[in-house]
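Q: Please find one structure pasted underneath; my questions will follow.
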Amino acid sequence: MSGSPVPSKMPFEPKVIAVTPLDTDQAKWIGLKKIQYIDQDGRKRVWESAERKTRGASGIDAVAILAILRSKTNAFPLSTVVIEQYRPAIDKFVIELPAGLIDKGETAEQAAIRELEEETGYKAEKVSESSPVVFSDPGMSNANMKLVVASIPMDDQLETPDSKLDVGEHIVKRVVPLDKLNTTLKEYDEKGYVVDARLSHLATGYDIAQRIGSGAFP
């Protein structure tokens with residue numbers, strides 16, 4: 001991970017030390033499937049796909065959380081929270097929304113409230129919105145998720161509660177004003193971080209919407 005940034009207060013720099021092929025029957029979390037199908041021309045074709053082995057009865061794999069932090073006195077601008085997390089698959093630190101897998105017996109909304117508090121310390125007052133089930137990379141995987149919008153009002157100044165991370169989790173949270181999210185992600189990119197595509201799309205969409213609203217786009 002040469003040249004990649006390392007968040008402060010980490011005793012060791014995480015890095016990939018070996019990469020080897022993995023048979024699907026040895027994999028705990030992900031499986032490979034060979035799909036045979038008939039296309040629009042009536043031709044038989046084959047597709048390779050990856051899928052999570054953790055999907056429960058809900059049929060939903062994971063949830064991402066867009067936390068909306070608001071001051072009742074306007075002491076700070078409307079903000080959200082992002083996280084910095086090392087991802088071995090790309091050997092980089094990635095900037096993402098808080099997210100996680102849905103546990104057995106949980107709804108996506110319950111998982112979102114739990115994951116948000118664990119990863120950031122923030123307790124959602126309510127779920128403002130919950131998206132339909134969406135797919136992140138359907139050309140490669142059937143992995144799916146929901147986006148849950150969580151409302152976190154504060155009486156006055158910005159509060160920064162401690163995260164409640166599990167053993168082995170190393171996550172750094174950062175509160176970012178929504179109107180500066182896109183610029184902040186570009187700054188992360190310039191520093192050598194990788195920005196999650198879904199967060200990047202969200203920030204770009206928000207930025208374009210603001211510019212359209214002000215008459216400054218295109």
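Identifiers in this document derive from the order of the structure tokens: chains are assigned A, B, ..., residues are numbered from 1 separately in each chain, and ligands are numbered from 1 in order of occurrence.
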Taking the backbone alone, and naming residues the way the document does, which bits of stretch 36-201 of chain A are strand (DSSP E) by DSSP, as number ranges by chain?
A: A: 36-38, 44-52, 62-71, 79-87, 92-96, 99-101, 126-130, 134-135, 144-154, 171-177, 194-195
Q: Residues near A:Tyr37, anyone? I mean within 8 Å using only C-alpha atoms, not counting same-chain ones fewer than 2 positions away, as an MDAnalysis selection string.
A: chainID A and resid 35 39 44:47
Q: With all heavy atoms kept, could you save the residues just selected as a PDB file, in the first residue's frame?
A:
ATOM      1  N   ILE A  35     -23.826 -19.372 -14.208  1.00  0.00           N
ATOM      2  CA  ILE A  35     -25.221 -19.182 -14.600  1.00  0.00           C
ATOM      3  C   ILE A  35     -25.385 -19.492 -16.083  1.00  0.00           C
ATOM      4  O   ILE A  35     -24.666 -18.933 -16.922  1.00  0.00           O
ATOM      5  CB  ILE A  35     -25.668 -17.737 -14.325  1.00  0.00           C
ATOM      6  CG1 ILE A  35     -25.516 -17.407 -12.833  1.00  0.00           C
ATOM      7  CG2 ILE A  35     -27.100 -17.508 -14.783  1.00  0.00           C
ATOM      8  CD1 ILE A  35     -25.745 -15.951 -12.506  1.00  0.00           C
ATOM      9  N   ASP A  39     -30.457 -15.707 -23.925  1.00  0.00           N
ATOM     10  CA  ASP A  39     -30.508 -14.264 -24.132  1.00  0.00           C
ATOM     11  C   ASP A  39     -31.678 -13.859 -25.033  1.00  0.00           C
ATOM     12  O   ASP A  39     -32.508 -14.698 -25.424  1.00  0.00           O
ATOM     13  CB  ASP A  39     -29.176 -13.738 -24.663  1.00  0.00           C
ATOM     14  CG  ASP A  39     -28.888 -14.175 -26.097  1.00  0.00           C
ATOM     15  OD1 ASP A  39     -29.785 -14.731 -26.771  1.00  0.00           O
ATOM     16  OD2 ASP A  39     -27.758 -13.944 -26.566  1.00  0.00           O
ATOM     17  N   LYS A  44     -28.184 -19.787 -26.005  1.00  0.00           N
ATOM     18  CA  LYS A  44     -27.743 -20.212 -24.682  1.00  0.00           C
ATOM     19  C   LYS A  44     -26.392 -19.583 -24.375  1.00  0.00           C
ATOM     20  O   LYS A  44     -25.480 -19.641 -25.195  1.00  0.00           O
ATOM     21  CB  LYS A  44     -27.643 -21.732 -24.612  1.00  0.00           C
ATOM     22  CG  LYS A  44     -28.983 -22.446 -24.667  1.00  0.00           C
ATOM     23  CD  LYS A  44     -28.795 -23.958 -24.525  1.00  0.00           C
ATOM     24  CE  LYS A  44     -30.133 -24.672 -24.555  1.00  0.00           C
ATOM     25  NZ  LYS A  44     -29.975 -26.144 -24.423  1.00  0.00           N
ATOM     26  N   ARG A  45     -26.283 -19.007 -23.187  1.00  0.00           N
ATOM     27  CA  ARG A  45     -25.044 -18.344 -22.816  1.00  0.00           C
ATOM     28  C   ARG A  45     -24.709 -18.664 -21.360  1.00  0.00           C
ATOM     29  O   ARG A  45     -25.545 -19.179 -20.609  1.00  0.00           O
ATOM     30  CB  ARG A  45     -25.166 -16.833 -23.025  1.00  0.00           C
ATOM     31  CG  ARG A  45     -25.559 -16.453 -24.448  1.00  0.00           C
ATOM     32  CD  ARG A  45     -25.519 -14.970 -24.687  1.00  0.00           C
ATOM     33  NE  ARG A  45     -24.156 -14.459 -24.614  1.00  0.00           N
ATOM     34  CZ  ARG A  45     -23.824 -13.202 -24.940  1.00  0.00           C
ATOM     35  NH1 ARG A  45     -24.770 -12.350 -25.326  1.00  0.00           N
ATOM     36  NH2 ARG A  45     -22.588 -12.792 -24.854  1.00  0.00           N
ATOM     37  N   VAL A  46     -23.464 -18.335 -20.985  1.00  0.00           N
ATOM     38  CA  VAL A  46     -22.972 -18.611 -19.627  1.00  0.00           C
ATOM     39  C   VAL A  46     -22.474 -17.315 -19.004  1.00  0.00           C
ATOM     40  O   VAL A  46     -21.843 -16.494 -19.680  1.00  0.00           O
ATOM     41  CB  VAL A  46     -21.837 -19.666 -19.653  1.00  0.00           C
ATOM     42  CG1 VAL A  46     -21.241 -19.842 -18.254  1.00  0.00           C
ATOM     43  CG2 VAL A  46     -22.356 -20.995 -20.181  1.00  0.00           C
ATOM     44  N   TRP A  47     -22.764 -17.161 -17.719  1.00  0.00           N
ATOM     45  CA  TRP A  47     -22.310 -15.975 -16.972  1.00  0.00           C
ATOM     46  C   TRP A  47     -21.706 -16.428 -15.649  1.00  0.00           C
ATOM     47  O   TRP A  47     -22.164 -17.399 -15.052  1.00  0.00           O
ATOM     48  CB  TRP A  47     -23.494 -15.044 -16.695  1.00  0.00           C
ATOM     49  CG  TRP A  47     -23.085 -13.648 -16.334  1.00  0.00           C
ATOM     50  CD1 TRP A  47     -22.873 -13.136 -15.096  1.00  0.00           C
ATOM     51  CD2 TRP A  47     -22.869 -12.577 -17.247  1.00  0.00           C
ATOM     52  NE1 TRP A  47     -22.526 -11.817 -15.157  1.00  0.00           N
ATOM     53  CE2 TRP A  47     -22.510 -11.439 -16.482  1.00  0.00           C
ATOM     54  CE3 TRP A  47     -22.936 -12.462 -18.649  1.00  0.00           C
ATOM     55  CZ2 TRP A  47     -22.229 -10.211 -17.063  1.00  0.00           C
ATOM     56  CZ3 TRP A  47     -22.651 -11.230 -19.218  1.00  0.00           C
ATOM     57  CH2 TRP A  47     -22.307 -10.126 -18.437  1.00  0.00           C
TER      58      TRP A  47
END
Q: Could you build a table of the residues in stretch 25-124 of chain A lying no more than 10 Å from stretch 136-147 of chain A, giving for each the nearest pair of atoms and their separation in Å rounded to one decimal place, using only C-alpha atoms, ordered by chain and ascending residue number, as JSON lines?
A:
{"residue": "A:Ile30", "atom": "CA", "partner": "A:Ala143", "partner_atom": "CA", "distance": 9.9}
{"residue": "A:Gly31", "atom": "CA", "partner": "A:Ser141", "partner_atom": "CA", "distance": 9.9}
{"residue": "A:Leu32", "atom": "CA", "partner": "A:Ser141", "partner_atom": "CA", "distance": 9.0}
{"residue": "A:Lys33", "atom": "CA", "partner": "A:Ser141", "partner_atom": "CA", "distance": 9.4}
{"residue": "A:Trp47", "atom": "CA", "partner": "A:Met140", "partner_atom": "CA", "distance": 8.9}
{"residue": "A:Glu48", "atom": "CA", "partner": "A:Met140", "partner_atom": "CA", "distance": 7.2}
{"residue": "A:Ser49", "atom": "CA", "partner": "A:Ser141", "partner_atom": "CA", "distance": 5.2}
{"residue": "A:Ala50", "atom": "CA", "partner": "A:Ser141", "partner_atom": "CA", "distance": 4.7}
{"residue": "A:Glu51", "atom": "CA", "partner": "A:Ser141", "partner_atom": "CA", "distance": 5.6}
{"residue": "A:Arg52", "atom": "CA", "partner": "A:Ala143", "partner_atom": "CA", "distance": 6.4}
{"residue": "A:Lys53", "atom": "CA", "partner": "A:Ala143", "partner_atom": "CA", "distance": 9.8}
{"residue": "A:Arg55", "atom": "CA", "partner": "A:Ala143", "partner_atom": "CA", "distance": 8.8}
{"residue": "A:Gly59", "atom": "CA", "partner": "A:Asn144", "partner_atom": "CA", "distance": 8.6}
{"residue": "A:Ile60", "atom": "CA", "partner": "A:Met145", "partner_atom": "CA", "distance": 5.9}
{"residue": "A:Asp61", "atom": "CA", "partner": "A:Asn144", "partner_atom": "CA", "distance": 5.6}
{"residue": "A:Ala62", "atom": "CA", "partner": "A:Met145", "partner_atom": "CA", "distance": 4.6}
{"residue": "A:Val63", "atom": "CA", "partner": "A:Lys146", "partner_atom": "CA", "distance": 4.9}
{"residue": "A:Ala64", "atom": "CA", "partner": "A:Leu147", "partner_atom": "CA", "distance": 4.9}
{"residue": "A:Ile65", "atom": "CA", "partner": "A:Leu147", "partner_atom": "CA", "distance": 5.8}
{"residue": "A:Leu66", "atom": "CA", "partner": "A:Leu147", "partner_atom": "CA", "distance": 7.1}
{"residue": "A:Leu97", "atom": "CA", "partner": "A:Leu147", "partner_atom": "CA", "distance": 9.7}
{"residue": "A:Ala99", "atom": "CA", "partner": "A:Leu147", "partner_atom": "CA", "distance": 9.0}
{"residue": "A:Gly100", "atom": "CA", "partner": "A:Met145", "partner_atom": "CA", "distance": 9.4}
{"residue": "A:Leu101", "atom": "CA", "partner": "A:Met145", "partner_atom": "CA", "distance": 8.7}
{"residue": "A:Ile102", "atom": "CA", "partner": "A:Met145", "partner_atom": "CA", "distance": 9.2}
{"residue": "A:Ala108", "atom": "CA", "partner": "A:Lys146", "partner_atom": "CA", "distance": 6.9}
{"residue": "A:Glu109", "atom": "CA", "partner": "A:Lys146", "partner_atom": "CA", "distance": 8.8}
{"residue": "A:Ala112", "atom": "CA", "partner": "A:Leu147", "partner_atom": "CA", "distance": 8.6}
Q: Find the residue from A:Val194, A:Val81, A:Ile212, A:Ala18 that sits nearest to A:Leu69; use only C-alpha atoms when measuring.
A: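 Comparing A:Val194, A:Val81, A:Ile212, A:Ala18 against A:Leu69, the winner is A:Val81.
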Q: Expressed in Å to a single decimal, how great is the separation between atom CA of A:Trp29 and atom CA of A:Ile90?
A: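 About the pair atom CA of A:Trp29 and atom CA of A:Ile90: they are 17.1 Å apart.
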Q: Can you pull out every residue from stretch 1-159 of chain A that DSSP, working from the backbone, puts in helix (DSSP H, G or I), and format the result as a ChimeraX atom specification?
A: /A:24-26,108-120
Q: Nearest to A:Val176: which of A:Ala89, A:Ala203, A:Ala75, A:Val82 is it, counting only C-alpha atoms?
A: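 So, comparing all the options, the nearest one is A:Val82.
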Q: Would you kindly return, as a PDB file with N, CA and C atoms, in the first residue's frame, each protein, DNA or RNA residue with an atom no farther than 10 Å from any atom of A:Asp207, considering only C-alpha atoms and excluding same-chain residues fewer than 3 positions away?
A:
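Printed below is out-v7.pdb as written:
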ATOM      1  N   LEU A 178     -23.050  18.822   4.225  1.00  0.00           N
ATOM      2  CA  LEU A 178     -23.542  18.265   2.968  1.00  0.00           C
ATOM      3  C   LEU A 178     -23.136  19.106   1.761  1.00  0.00           C
ATOM      4  N   ASP A 179     -23.122  20.431   1.921  1.00  0.00           N
ATOM      5  CA  ASP A 179     -22.789  21.267   0.777  1.00  0.00           C
ATOM      6  C   ASP A 179     -21.289  21.263   0.456  1.00  0.00           C
ATOM      7  N   LYS A 180     -20.497  20.594   1.306  1.00  0.00           N
ATOM      8  CA  LYS A 180     -19.066  20.464   1.043  1.00  0.00           C
ATOM      9  C   LYS A 180     -18.656  19.006   0.836  1.00  0.00           C
ATOM     10  N   LEU A 181     -19.636  18.101   0.750  1.00  0.00           N
ATOM     11  CA  LEU A 181     -19.323  16.678   0.651  1.00  0.00           C
ATOM     12  C   LEU A 181     -18.565  16.348  -0.626  1.00  0.00           C
ATOM     13  N   ASN A 182     -19.027  16.838  -1.755  1.00  0.00           N
ATOM     14  CA  ASN A 182     -18.371  16.515  -3.016  1.00  0.00           C
ATOM     15  C   ASN A 182     -16.933  17.034  -3.040  1.00  0.00           C
ATOM     16  N   THR A 183     -16.737  18.261  -2.559  1.00  0.00           N
ATOM     17  CA  THR A 183     -15.386  18.838  -2.495  1.00  0.00           C
ATOM     18  C   THR A 183     -14.504  18.041  -1.542  1.00  0.00           C
ATOM     19  N   HIS A 201     -21.416   9.015  -6.094  1.00  0.00           N
ATOM     20  CA  HIS A 201     -22.616   9.331  -6.871  1.00  0.00           C
ATOM     21  C   HIS A 201     -23.582  10.194  -6.062  1.00  0.00           C
ATOM     22  N   LEU A 202     -23.728   9.858  -4.789  1.00  0.00           N
ATOM     23  CA  LEU A 202     -24.597  10.647  -3.919  1.00  0.00           C
ATOM     24  C   LEU A 202     -24.116  12.088  -3.825  1.00  0.00           C
ATOM     25  N   ALA A 203     -22.823  12.267  -3.592  1.00  0.00           N
ATOM     26  CA  ALA A 203     -22.259  13.608  -3.426  1.00  0.00           C
ATOM     27  C   ALA A 203     -22.363  14.407  -4.719  1.00  0.00           C
ATOM     28  N   THR A 204     -22.094  13.755  -5.838  1.00  0.00           N
ATOM     29  CA  THR A 204     -22.193  14.436  -7.128  1.00  0.00           C
ATOM     30  C   THR A 204     -23.637  14.849  -7.405  1.00  0.00           C
ATOM     31  N   GLN A 210     -27.937  21.158  -6.105  1.00  0.00           N
ATOM     32  CA  GLN A 210     -27.756  22.487  -5.528  1.00  0.00           C
ATOM     33  C   GLN A 210     -27.471  23.514  -6.624  1.00  0.00           C
ATOM     34  N   ARG A 211     -26.650  23.123  -7.597  1.00  0.00           N
ATOM     35  CA  ARG A 211     -26.319  24.046  -8.684  1.00  0.00           C
ATOM     36  C   ARG A 211     -27.517  24.297  -9.586  1.00  0.00           C
ATOM     37  N   ILE A 212     -28.319  23.278  -9.833  1.00  0.00           N
ATOM     38  CA  ILE A 212     -29.533  23.473 -10.630  1.00  0.00           C
ATOM     39  C   ILE A 212     -30.478  24.420  -9.900  1.00  0.00           C
ATOM     40  N   GLY A 213     -30.616  24.204  -8.588  1.00  0.00           N
ATOM     41  CA  GLY A 213     -31.508  25.041  -7.800  1.00  0.00           C
ATOM     42  C   GLY A 213     -31.103  26.513  -7.787  1.00  0.00           C
TER      43      GLY A 213
END
Q: Extract, using only C-alpha atoms, all DNA, RNA and protein residues at most 8 Å from stretch 150-155 of chain A, discarding same-chain residues fewer than 6 positions from it, and format them as a PyMOL selection string.
A: chain A and resi 65-73+113+122-129
Q: Atom CA of A:Ile38 and atom CA of A:Phe135 are how many Å apart?
A: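 Going from atom CA of A:Ile38 over to atom CA of A:Phe135, I get 21.8 Å.
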Q: Taking only residues of stretch 101-159 of chain A that have an atom at most 12 Å from an atom of stretch 167-175 of chain A, what is each one's shortest atom pair and its distance in Å to one decimal, using only C-alpha atoms, in chain and number order, as a tab-separated table?
A:
residue	atom	partner	partner_atom	distance
A:Leu116	CA	A:Lys173	CA	10.6
A:Glu117	CA	A:Lys173	CA	11.4
A:Glu118	CA	A:Ile171	CA	10.0
A:Glu119	CA	A:Ile171	CA	6.9
A:Thr120	CA	A:Lys173	CA	6.0
A:Gly121	CA	A:Lys173	CA	9.3
A:Tyr122	CA	A:Lys173	CA	10.5
A:Leu158	CA	A:Val175	CA	9.2
A:Glu159	CA	A:Val175	CA	10.0
